[in-house]
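Dumped work.csv below, it's CSV, C-alpha atoms and all ligand atoms:
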```csv
chain,number,residue,atom,x,y,z
A,1,MET,CA,-20.9,15.7,-1.3
A,2,ARG,CA,-20.0,13.6,1.8
A,3,ALA,CA,-16.4,13.3,2.9
A,4,ALA,CA,-14.5,12.0,6.0
A,5,VAL,CA,-12.7,15.1,7.1
A,6,TYR,CA,-9.7,14.9,9.3
A,7,ARG,CA,-9.8,17.8,11.8
A,8,GLY,CA,-6.9,16.9,14.0
A,9,ALA,CA,-5.4,14.0,16.0
A,10,GLY,CA,-7.9,11.2,16.1
A,11,ASP,CA,-10.7,13.4,14.8
A,12,LEU,CA,-12.3,12.1,11.6
A,13,ARG,CA,-15.8,13.4,10.9
A,14,VAL,CA,-18.1,12.7,8.0
A,15,GLU,CA,-19.2,16.1,6.7
A,16,GLN,CA,-20.9,17.8,3.8
A,17,VAL,CA,-18.3,19.6,1.7
A,18,PRO,CA,-18.3,21.1,-1.8
A,19,VAL,CA,-17.6,18.8,-4.8
A,20,PRO,CA,-14.1,19.9,-5.9
A,21,GLU,CA,-14.1,22.3,-8.9
A,22,THR,CA,-11.9,21.2,-11.8
A,23,GLY,CA,-9.8,23.3,-14.1
A,24,PRO,CA,-9.5,22.5,-17.9
A,25,SER,CA,-6.7,19.9,-17.5
A,26,GLU,CA,-7.9,18.4,-14.2
A,27,MET,CA,-10.2,15.4,-13.8
A,28,LEU,CA,-13.1,14.7,-11.4
A,29,VAL,CA,-13.5,11.1,-10.3
A,30,ARG,CA,-16.4,9.5,-8.5
A,31,VAL,CA,-14.7,7.4,-5.8
A,32,GLU,CA,-15.9,3.8,-5.7
A,33,ALA,CA,-13.4,2.2,-3.3
A,34,CYS,CA,-10.5,3.4,-1.3
A,35,GLY,CA,-8.1,1.3,0.7
A,36,VAL,CA,-7.3,2.3,4.3
A,37,CYS,CA,-3.5,2.5,4.4
A,38,GLY,CA,-1.2,2.3,7.5
A,39,THR,CA,0.4,5.6,6.6
A,40,ASP,CA,-2.9,7.5,6.6
A,41,ILE,CA,-3.8,5.8,9.9
A,42,LYS,CA,-0.6,7.1,11.5
A,43,LYS,CA,-1.2,10.6,10.2
A,44,ILE,CA,-4.8,10.6,11.5
A,45,GLN,CA,-4.3,9.0,14.9
A,46,LYS,CA,-1.0,10.7,15.7
A,47,GLY,CA,-2.1,14.1,14.3
A,48,LEU,CA,1.1,14.3,12.2
A,49,LEU,CA,-0.3,17.0,9.9
A,50,PRO,CA,-2.5,20.0,10.5
A,51,GLY,CA,-6.2,19.6,9.6
A,52,PRO,CA,-8.5,20.0,7.9
A,53,ARG,CA,-7.6,17.4,5.3
A,54,ILE,CA,-9.3,14.5,3.4
A,55,PHE,CA,-7.0,11.5,3.3
A,56,GLY,CA,-7.3,8.2,1.4
A,57,HIS,CA,-4.8,7.5,-1.5
A,58,GLU,CA,-5.6,4.0,-2.6
A,59,ILE,CA,-8.3,5.3,-5.0
A,60,ALA,CA,-10.4,3.5,-7.6
A,61,GLY,CA,-13.4,5.1,-9.2
A,62,ARG,CA,-15.1,6.3,-12.3
A,63,VAL,CA,-14.4,9.5,-14.3
A,64,ALA,CA,-17.1,12.0,-13.7
A,65,GLN,CA,-15.6,14.9,-15.6
A,66,ALA,CA,-12.6,14.6,-17.9
A,67,PRO,CA,-10.4,17.2,-19.7
A,68,ARG,CA,-11.5,17.7,-23.3
A,69,GLY,CA,-9.5,15.8,-25.9
A,70,GLY,CA,-7.6,13.8,-23.3
A,71,ARG,CA,-7.3,10.0,-23.0
A,72,PHE,CA,-10.2,9.6,-20.5
A,73,ARG,CA,-14.0,9.9,-21.0
A,74,GLU,CA,-16.8,10.2,-18.5
A,75,GLY,CA,-17.6,6.8,-17.1
A,76,ASP,CA,-14.1,5.4,-17.6
A,77,ARG,CA,-12.8,3.4,-14.7
A,78,VAL,CA,-9.5,4.5,-13.2
A,79,VAL,CA,-7.1,4.1,-10.3
A,80,LEU,CA,-5.2,7.2,-9.3
A,81,HIS,CA,-1.7,7.6,-8.0
A,82,HIS,CA,-1.4,10.6,-5.6
A,83,HIS,CA,2.3,11.2,-6.0
A,84,LEU,CA,4.5,11.4,-9.1
A,85,PRO,CA,8.2,12.3,-9.4
A,86,CYS,CA,9.4,15.0,-11.8
A,87,GLY,CA,11.7,12.6,-13.7
A,88,THR,CA,14.6,15.0,-14.2
A,89,CYS,CA,16.0,16.0,-10.8
A,90,PHE,CA,19.1,14.6,-9.0
A,91,TYR,CA,17.1,11.9,-7.2
A,92,CYS,CA,14.9,10.9,-10.2
A,93,THR,CA,18.0,10.4,-12.4
A,94,ARG,CA,19.2,7.9,-9.8
A,95,GLY,CA,15.9,6.1,-9.6
A,96,LEU,CA,15.2,7.4,-6.1
A,97,PHE,CA,11.7,8.7,-7.1
A,98,ALA,CA,10.3,8.9,-3.6
A,99,GLN,CA,13.1,11.3,-2.7
A,100,CYS,CA,12.3,13.7,-5.5
A,101,PRO,CA,11.2,17.1,-4.1
A,102,GLY,CA,8.3,17.1,-6.6
A,103,TYR,CA,7.2,13.7,-5.5
A,104,LYS,CA,6.2,15.0,-2.0
A,105,ARG,CA,3.5,17.2,-3.7
A,106,ASN,CA,0.2,15.4,-3.4
A,107,GLY,CA,-1.8,15.4,-6.7
A,108,THR,CA,-5.3,14.3,-5.7
A,109,THR,CA,-7.7,16.2,-3.5
A,110,ALA,CA,-11.3,16.2,-2.3
A,111,GLY,CA,-10.9,19.7,-0.9
A,112,PHE,CA,-8.4,21.4,1.5
A,113,GLU,CA,-4.7,20.8,1.3
A,114,PRO,CA,-4.2,17.9,-1.3
A,115,SER,CA,-3.8,14.7,0.9
A,116,GLY,CA,-5.2,11.9,-1.2
A,117,GLY,CA,-8.9,12.7,-1.0
A,118,GLY,CA,-10.2,9.1,-1.5
A,119,PHE,CA,-12.3,9.3,1.7
A,120,ALA,CA,-14.9,11.3,-0.2
A,121,GLU,CA,-17.5,10.8,-2.8
A,122,TYR,CA,-15.5,12.8,-5.4
A,123,VAL,CA,-11.8,13.4,-5.8
A,124,LYS,CA,-10.0,15.7,-8.2
A,125,ALA,CA,-6.8,14.6,-10.0
A,126,LEU,CA,-4.5,17.5,-10.7
A,127,ASP,CA,-3.1,17.9,-14.3
A,128,TRP,CA,0.1,15.9,-13.8
A,129,ILE,CA,-1.7,13.0,-12.2
A,130,VAL,CA,-4.2,13.0,-15.2
A,131,ALA,CA,-1.2,12.9,-17.6
A,132,ARG,CA,0.9,10.2,-15.9
A,133,GLY,CA,-0.7,8.9,-12.7
A,134,ALA,CA,-4.2,7.7,-13.8
A,135,ILE,CA,-4.4,4.1,-14.9
A,136,PRO,CA,-7.4,2.7,-16.8
A,137,VAL,CA,-9.1,-0.3,-15.0
A,138,PRO,CA,-10.2,-3.2,-17.3
A,139,ASP,CA,-13.7,-4.6,-17.1
A,140,GLY,CA,-14.3,-7.4,-14.6
A,141,VAL,CA,-11.9,-6.0,-12.1
A,142,LEU,CA,-13.7,-4.8,-8.9
A,143,PRO,CA,-13.0,-1.3,-7.6
A,144,GLU,CA,-11.8,-2.6,-4.3
A,145,GLU,CA,-9.3,-4.9,-6.2
A,146,ALA,CA,-8.1,-1.9,-8.4
A,147,ALA,CA,-7.5,0.1,-5.2
A,148,PHE,CA,-4.6,-2.3,-4.5
A,149,VAL,CA,-2.5,-1.1,-7.4
A,150,GLU,CA,-0.8,1.5,-5.1
A,151,PRO,CA,0.0,-0.9,-2.2
A,152,VAL,CA,1.2,-3.6,-4.6
A,153,ASN,CA,3.4,-1.0,-6.3
A,154,THR,CA,5.1,-0.2,-3.0
A,155,CYS,CA,5.7,-3.9,-2.3
A,156,LEU,CA,7.0,-4.5,-5.8
A,157,LYS,CA,9.4,-1.7,-5.4
A,158,ALA,CA,10.7,-3.2,-2.2
A,159,VAL,CA,11.1,-6.6,-3.8
A,160,ARG,CA,13.1,-5.0,-6.6
A,161,ARG,CA,15.3,-3.1,-4.2
A,162,ALA,CA,15.9,-6.3,-2.3
A,163,GLY,CA,17.0,-8.0,-5.4
A,164,VAL,CA,14.9,-11.1,-4.9
A,165,GLU,CA,15.9,-13.9,-7.3
A,166,LYS,CA,14.9,-17.3,-8.3
A,167,GLY,CA,15.8,-20.0,-5.7
A,168,GLN,CA,16.5,-17.6,-2.9
A,169,ALA,CA,15.1,-18.2,0.6
A,170,VAL,CA,13.0,-15.2,1.7
A,171,LEU,CA,11.4,-14.6,5.1
A,172,VAL,CA,8.6,-12.1,5.4
A,173,VAL,CA,8.2,-11.0,9.0
A,174,GLY,CA,4.5,-10.0,9.5
A,175,GLN,CA,1.6,-11.4,7.6
A,176,GLY,CA,-0.7,-8.4,7.5
A,177,PRO,CA,-1.9,-7.2,4.1
A,178,ILE,CA,1.5,-5.9,3.1
A,179,GLY,CA,3.3,-9.0,4.2
A,180,LEU,CA,0.8,-11.1,2.3
A,181,ILE,CA,1.4,-9.1,-0.9
A,182,LEU,CA,5.2,-9.3,-0.4
A,183,ASN,CA,5.0,-13.1,-0.1
A,184,GLN,CA,3.2,-13.4,-3.4
A,185,LEU,CA,5.6,-11.1,-5.2
A,186,CYS,CA,8.6,-13.0,-3.9
A,187,ARG,CA,7.0,-16.2,-5.1
A,188,CYS,CA,6.4,-14.7,-8.5
A,189,ALA,CA,10.1,-13.9,-8.6
A,190,GLY,CA,10.8,-17.6,-8.0
A,191,ALA,CA,11.9,-17.4,-4.3
A,192,ASP,CA,11.1,-19.9,-1.6
A,193,VAL,CA,9.1,-17.9,0.8
A,194,PHE,CA,8.6,-18.3,4.5
A,195,GLY,CA,6.2,-16.1,6.5
A,196,SER,CA,5.9,-15.4,10.2
A,197,ASP,CA,3.2,-13.9,12.4
A,198,THR,CA,1.8,-14.2,15.9
A,199,LEU,CA,-1.9,-14.4,14.7
A,200,PRO,CA,-3.1,-17.8,13.6
A,201,ASP,CA,-5.6,-16.5,11.0
A,202,ARG,CA,-2.8,-14.5,9.3
A,203,ARG,CA,-0.7,-17.6,9.2
A,204,ASP,CA,-3.7,-19.5,7.7
A,205,MET,CA,-4.0,-16.9,5.0
A,206,ALA,CA,-0.3,-17.1,4.2
A,207,ARG,CA,-0.6,-20.8,3.8
A,208,GLN,CA,-3.6,-20.4,1.5
A,209,LEU,CA,-1.7,-18.0,-0.6
A,210,GLY,CA,1.1,-20.5,-1.1
A,211,VAL,CA,3.8,-19.7,1.4
A,212,ALA,CA,6.2,-22.6,1.7
A,213,ALA,CA,6.6,-22.5,5.5
A,214,VAL,CA,4.5,-20.6,7.9
A,215,LEU,CA,6.1,-19.9,11.3
A,216,ASP,CA,4.6,-18.7,14.6
A,217,ALA,CA,6.4,-15.5,15.5
A,218,ALA,CA,6.0,-16.3,19.2
A,219,GLY,CA,8.4,-19.2,18.6
A,220,ASP,CA,12.1,-19.2,17.6
A,221,VAL,CA,11.7,-18.0,14.1
A,222,PRO,CA,15.4,-17.6,13.3
A,223,ARG,CA,16.2,-21.2,14.4
A,224,GLU,CA,13.3,-22.5,12.3
A,225,VAL,CA,14.5,-20.5,9.3
A,226,ARG,CA,18.0,-21.9,9.7
A,227,GLY,CA,16.4,-25.4,9.9
A,228,LEU,CA,14.7,-24.7,6.5
A,229,THR,CA,17.8,-23.4,4.8
A,230,GLY,CA,20.5,-26.0,5.6
A,231,GLY,CA,21.6,-24.1,8.7
A,232,ARG,CA,22.3,-20.9,6.8
A,233,GLY,CA,19.4,-18.5,7.3
A,234,ALA,CA,17.3,-16.5,4.9
A,235,ASP,CA,19.0,-14.7,1.9
A,236,ILE,CA,16.5,-11.9,2.3
A,237,VAL,CA,14.2,-10.8,5.1
A,238,PHE,CA,11.4,-8.3,4.7
A,239,LEU,CA,10.3,-6.5,7.9
A,240,ALA,CA,6.6,-6.0,7.5
A,241,ALA,CA,5.8,-5.6,11.2
A,242,LEU,CA,6.8,-3.1,13.8
A,243,GLY,CA,8.4,-3.7,17.1
A,244,GLN,CA,11.8,-4.6,18.6
A,245,GLY,CA,10.9,-8.3,18.6
A,246,ALA,CA,10.1,-8.3,14.9
A,247,LEU,CA,13.3,-6.5,14.1
A,248,ASP,CA,15.5,-8.8,16.2
A,249,GLN,CA,14.0,-11.8,14.6
A,250,ALA,CA,14.4,-10.4,11.1
A,251,ILE,CA,18.1,-9.7,11.7
A,252,ASP,CA,18.8,-13.0,13.4
A,253,ALA,CA,17.0,-15.0,10.7
A,254,ALA,CA,19.1,-13.4,7.9
A,255,ARG,CA,22.1,-15.5,6.8
A,256,PRO,CA,25.6,-14.0,7.0
A,257,GLY,CA,25.8,-11.5,4.2
A,258,GLY,CA,22.0,-11.5,3.9
A,259,ARG,CA,19.7,-8.5,3.5
A,260,ILE,CA,17.0,-7.1,5.7
A,261,ILE,CA,14.5,-4.8,4.1
A,262,VAL,CA,12.8,-2.4,6.5
A,263,PHE,CA,9.3,-1.7,5.0
A,264,ALA,CA,6.9,-1.0,7.9
A,265,ALA,CA,8.4,2.2,9.4
A,266,THR,CA,7.1,5.3,7.7
A,267,SER,CA,7.1,8.2,10.2
A,268,PRO,CA,9.9,9.6,12.3
A,269,GLY,CA,10.0,8.4,15.9
A,270,GLU,CA,9.5,4.7,15.1
A,271,THR,CA,12.8,3.7,16.8
A,272,ALA,CA,14.4,0.4,17.7
A,273,ARG,CA,17.7,-0.8,19.1
A,274,LEU,CA,20.3,-2.4,16.7
A,275,ASP,CA,23.0,-4.8,17.6
A,276,LEU,CA,25.6,-3.2,15.3
A,277,GLY,CA,28.2,-5.7,16.4
A,278,ALA,CA,26.2,-8.7,15.3
A,279,LEU,CA,25.1,-7.0,12.2
A,280,CYS,CA,28.6,-5.9,11.2
A,281,ALA,CA,30.5,-9.1,12.1
A,282,ALA,CA,28.1,-11.1,9.9
A,283,GLU,CA,28.1,-8.5,7.1
A,284,LYS,CA,24.4,-8.3,7.0
A,285,GLU,CA,22.9,-5.4,5.1
A,286,ILE,CA,19.9,-3.3,6.1
A,287,LEU,CA,18.0,-1.6,3.3
A,288,THR,CA,14.8,0.4,3.4
A,289,SER,CA,12.0,0.9,0.9
A,290,TYR,CA,9.3,3.5,1.1
A,291,SER,CA,6.3,4.4,-1.1
A,292,SER,CA,5.7,3.6,-4.7
A,293,SER,CA,7.8,3.9,-7.9
A,294,VAL,CA,6.8,5.0,-11.4
A,295,ASP,CA,9.1,2.5,-13.0
A,296,VAL,CA,6.9,-0.4,-11.7
A,297,GLN,CA,3.6,1.3,-12.1
A,298,ASP,CA,2.4,-0.6,-15.2
A,299,GLU,CA,3.7,-3.9,-13.9
A,300,ALA,CA,2.0,-3.5,-10.5
A,301,ALA,CA,-1.3,-2.7,-12.3
A,302,GLN,CA,-1.0,-5.7,-14.5
A,303,LEU,CA,-0.3,-8.0,-11.5
A,304,VAL,CA,-3.5,-6.8,-9.8
A,305,PHE,CA,-5.7,-6.7,-12.9
A,306,GLY,CA,-4.5,-10.1,-14.1
A,307,ARG,CA,-5.0,-11.5,-10.5
A,308,GLU,CA,-1.4,-12.8,-10.5
A,309,VAL,CA,-1.3,-11.2,-7.0
A,310,ARG,CA,-4.4,-12.2,-5.2
A,311,VAL,CA,-5.8,-9.2,-3.4
A,312,ARG,CA,-9.5,-9.8,-3.0
A,313,GLU,CA,-8.8,-12.5,-0.4
A,314,LEU,CA,-6.9,-9.9,1.7
A,315,ILE,CA,-10.0,-7.7,2.2
A,316,SER,CA,-11.5,-8.5,5.6
A,317,HIS,CA,-13.7,-5.4,6.1
A,318,ARG,CA,-15.7,-3.2,3.9
A,319,PHE,CA,-17.2,0.0,5.4
A,320,PRO,CA,-19.4,2.7,3.9
A,321,LEU,CA,-18.0,6.2,3.8
A,322,GLU,CA,-20.2,7.2,6.7
A,323,GLN,CA,-18.2,4.7,8.9
A,324,ALA,CA,-14.8,6.0,7.9
A,325,ALA,CA,-13.7,6.6,11.5
A,326,GLN,CA,-14.7,3.1,12.4
A,327,ALA,CA,-12.8,1.8,9.4
A,328,VAL,CA,-9.6,3.5,10.5
A,329,GLU,CA,-10.1,2.3,14.0
A,330,VAL,CA,-10.5,-1.4,12.9
A,331,ALA,CA,-7.5,-1.1,10.5
A,332,SER,CA,-5.2,0.4,13.0
A,333,ARG,CA,-4.8,-2.7,15.2
A,334,PRO,CA,-3.6,-6.1,14.1
A,335,ALA,CA,-6.3,-8.4,15.5
A,336,PRO,CA,-7.8,-11.8,14.6
A,337,GLY,CA,-9.9,-11.5,11.5
A,338,VAL,CA,-8.6,-8.1,10.5
A,339,LEU,CA,-6.6,-7.7,7.3
A,340,LYS,CA,-7.2,-5.1,4.6
A,341,VAL,CA,-10.0,-2.6,5.4
A,342,VAL,CA,-11.6,-0.8,2.4
A,343,LEU,CA,-14.0,2.0,2.2
A,344,GLN,CA,-16.8,1.1,-0.3
A,345,VAL,CA,-17.7,4.6,-1.2
A,346,ALA,CA,-20.1,4.1,-4.1
A,347,PRO,CA,-22.6,1.2,-4.3
A,348,ARG,CA,-21.4,-1.4,-6.7
A,349,ARG,CA,-23.0,-1.6,-10.2
A,350,ASP,CA,-24.7,-4.8,-11.3
A,351,SER,CA,-22.2,-5.2,-14.2
A,352,GLU,CA,-19.3,-5.5,-11.8
A,353,VAL,CA,-20.8,-8.3,-9.6
A,354,SER,CA,-20.2,-10.9,-12.2
A,355,LEU,CA,-17.2,-12.4,-10.5
B,401,ZN,ZN,-1.0,3.2,0.8
B,402,ZN,ZN,12.5,14.4,-9.4
```

Let me see the file written as structure tokens.
Ligand SMILES: [Zn+2]
Ligand SMILES: [Zn+2]
Amino acid sequence: MRAAVYRGAGDLRVEQVPVPETGPSEMLVRVEACGVCGTDIKKIQKGLLPGPRIFGHEIAGRVAQAPRGGRFREGDRVVLHHHLPCGTCFYCTRGLFAQCPGYKRNGTTAGFEPSGGGFAEYVKALDWIVARGAIPVPDGVLPEEAAFVEPVNTCLKAVRRAGVEKGQAVLVVGQGPIGLILNQLCRCAGADVFGSDTLPDRRDMARQLGVAAVLDAAGDVPREVRGLTGGRGADIVFLAALGQGALDQAIDAARPGGRIIVFAATSPGETARLDLGALCAAEKEILTSYSSSVDVQDEAAQLVFGREVRVRELISHRFPLEQAAQAVEVASRPAPGVLKVVLQVAPRRDSEVSL
């Protein structure tokens, strides 16, 4: 089969590799679509892990070979999670699933050290993913939509951690694909959502997706947010962009006693300065949220499948597997016209184009 193999920093090559062999309780999935995620981009471009590996963890496809007597049959459509917590350890019993030692194990592979494996024609789900991390996809949902279940899960987890409630004023700093998902989830929770970005087309998209006020991040966002909230500032601010300027705006725009949720930083070395005096004197809280959570797994899937969160509009680029390196390159830089980049691994079937 063909696969985009990571060989080291910045080195992604499409190669011929063996189709993964499956054991009796494992499942082989023909990949149809796989989202290109920021965390994989960082690993590939910065060479954070030793190669060879096959990345790609926002996986939607069709079962090619299923364990006998299990809940899946050949041809079933599924999305696969690549991480699952054990459910019983110190961290799991406190709901901190992403900190579970077992969670760090990767449960899907297209060969080599398990690393997601969605950038390949076939991916194997290990037994514990087959048991708890494979979700059936209903008819009428496109593979590239289904591939959003994982990123929507990570955003829903962040919204829950933040404690977003009806009537609150929420600012989302950064209107990339993640910011645009966070907006929609906060709106679903009944909040008044404001969004900021430097790119005009991202602000347009935020407007189309129903954000109450869209702000130019090149301007004085905190002042504008105070203007929209009776002089107070936002109850909750999500940081879905990197950089000192974005962080400063996020903290300044939060009201006294408000919360800032750091979402965008995922690898060590992404540093920024903090004005602890300003933070402490105004009793603002900084929270973080990372990766997905099993306790919102079904809900995230339903939000995507029921189109309560609009994800198809967020796809700006579809690349074939052969152009995986180009897909990563395009997705790695916020630029006009670039939102979510998806690898369209298998050609679409006629029955799925009825939308
Ligand atoms: Zn992801
Ligand atoms: Zn655990």

Which chains and residue numbers are within 6 Å of ligand ZN 401 (chain B), counting only C-alpha atoms and all ligand atoms, if I want them as an mmCIF file with C-alpha atoms, in the coordinates of the input?
```
data_model
loop_
_atom_site.group_PDB
_atom_site.id
_atom_site.type_symbol
_atom_site.label_atom_id
_atom_site.label_comp_id
_atom_site.auth_asym_id
_atom_site.auth_seq_id
_atom_site.Cartn_x
_atom_site.Cartn_y
_atom_site.Cartn_z
ATOM 1 C CA CYS A 37 -3.500 2.500 4.400
ATOM 2 C CA GLU A 58 -5.600 4.000 -2.600
ATOM 3 C CA PRO A 151 0.000 -0.900 -2.200
#
```

Nearest to ligand ZN 402 (chain B): which of A:Val294, A:Ala331, A:Ala146, A:Ala250 is it, counting all atoms listed in the file? A:Val294

List all protein, DNA and RNA residues that have at least one atom no more than 10 Å from any atom of ligand ZN 402 (chain B), counting only C-alpha atoms and all ligand atoms, and write them as a VMD selection string. chain A and resid 84 to 104

Which polymer residues have any atom within 9 Å of an atom of range 213-230 of chain A, counting only C-alpha atoms, with same-chain residues fewer than 5 positions away left out, as a PyMOL selection string? chain A and resi 169+171+173-174+192-200+203-204+206-207+246+249-255

Give me, please, the distance in Å between CA of Lys42 in chain A and CA of Val338 in chain A, quoted to one decimal.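 Computing it gives 17.2 Å between the two atoms.
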
Taken to one decimal, the CA of Val141 in chain A-CA of Gln208 in chain A distance is 21.5 Å
